[in-house]
Amino acid sequence: MIYTCKYKSPIGNILLAADEIGLTGLWFEGQKHFANTLSDEHISQETKILTEAKKWLDIYFSGKEPEFTPPLNPEGSEFRHKVWQILLQIPYGQTITYGEIARKVAEMKNTSYMSAQAVGGAVGHNEISVIIPCHRVVGTNGGLTGYAGGIDKKIALLELEHIDINAGTGKKTCRRKSDEEQIKEVAVKYVCRLHM
């Protein structure tokens, strides 16, 4: 049986789905491919797995890196599972390109080449966004590319992880903000609150 519940995030409402094994879906309302793997037969009821996923989201949206991952059970091909495993290894606050993922998949499959476009398809069909961090995948040279939840949500998630989406080029590119930049950002917010 599939169980569902809703979660109110600071960047939009989320629908969570899980079976007895793990989380099967996490979608922003209105996103591309919204709940497309969700069975018609599901019950709106919070379970232990859904509660754990909500706890993970609470920590994440508070601006911290969760120290655990709730049980996951995404539905997909062997190839997609390989790509999603790589996504789960992208450190908090860092990004990776489609090309880098393609090289890693090629190594796993012991082949000399893997298509970055095929990787893009697998990334785009990730049913457990945020927790399986497809928002951390960027184009060549760090350029922002599409995101099923919408590019605005991708930007918000990257900024939450202190990734500079402009990186000094004027284009939408990404890099991790330095400790000094993060401290300055917090100080400015604090000063602004004092003068309100």
# chains A, B, ... in the order shown; residues from 1 in each chain; ligands from 1

$ select_by_dssp --residues "segment 10-145 of chain A" --states "helix (DSSP H, G or I)" --output "PyMOL selection string"
chain A and resi 48-61+78-88+98-109+116-124+134-136+140-142

$ residues_around --residues "segment 47-63 of chain A" --least-positions-apart "5" --cutoff "10 Å" --atoms "only C-alpha atoms" --output "MDAnalysis selection string"
chainID A and resid 3:11 16:23 26 68:72 130:131 157 159:162

$ closest_residue --among "A:Ala148, A:Ala116, A:Ile163, A:Met1" --to "Ile128 of chain A" --atoms "only C-alpha atoms"
A:Ala148

$ closest_residue --among "A:Gln85, A:Ser39, A:Thr111, A:Asn13" --to "Val123 of chain A" --atoms "only C-alpha atoms"
A:Gln85

$ closest_atom_pairs --of "segment 125-173 of chain A" --to "segment 89-101 of chain A" --cutoff "6 Å" --atoms "only C-alpha atoms" --output "tab-separated table"
residue	atom	partner	partner_atom	distance
A:Arg136	CA	A:Thr95	CA	4.6
A:Val137	CA	A:Ile96	CA	5.1
A:Val138	CA	A:Thr97	CA	4.8
A:Gly139	CA	A:Thr97	CA	5.3
A:Glu161	CA	A:Gly93	CA	4.8
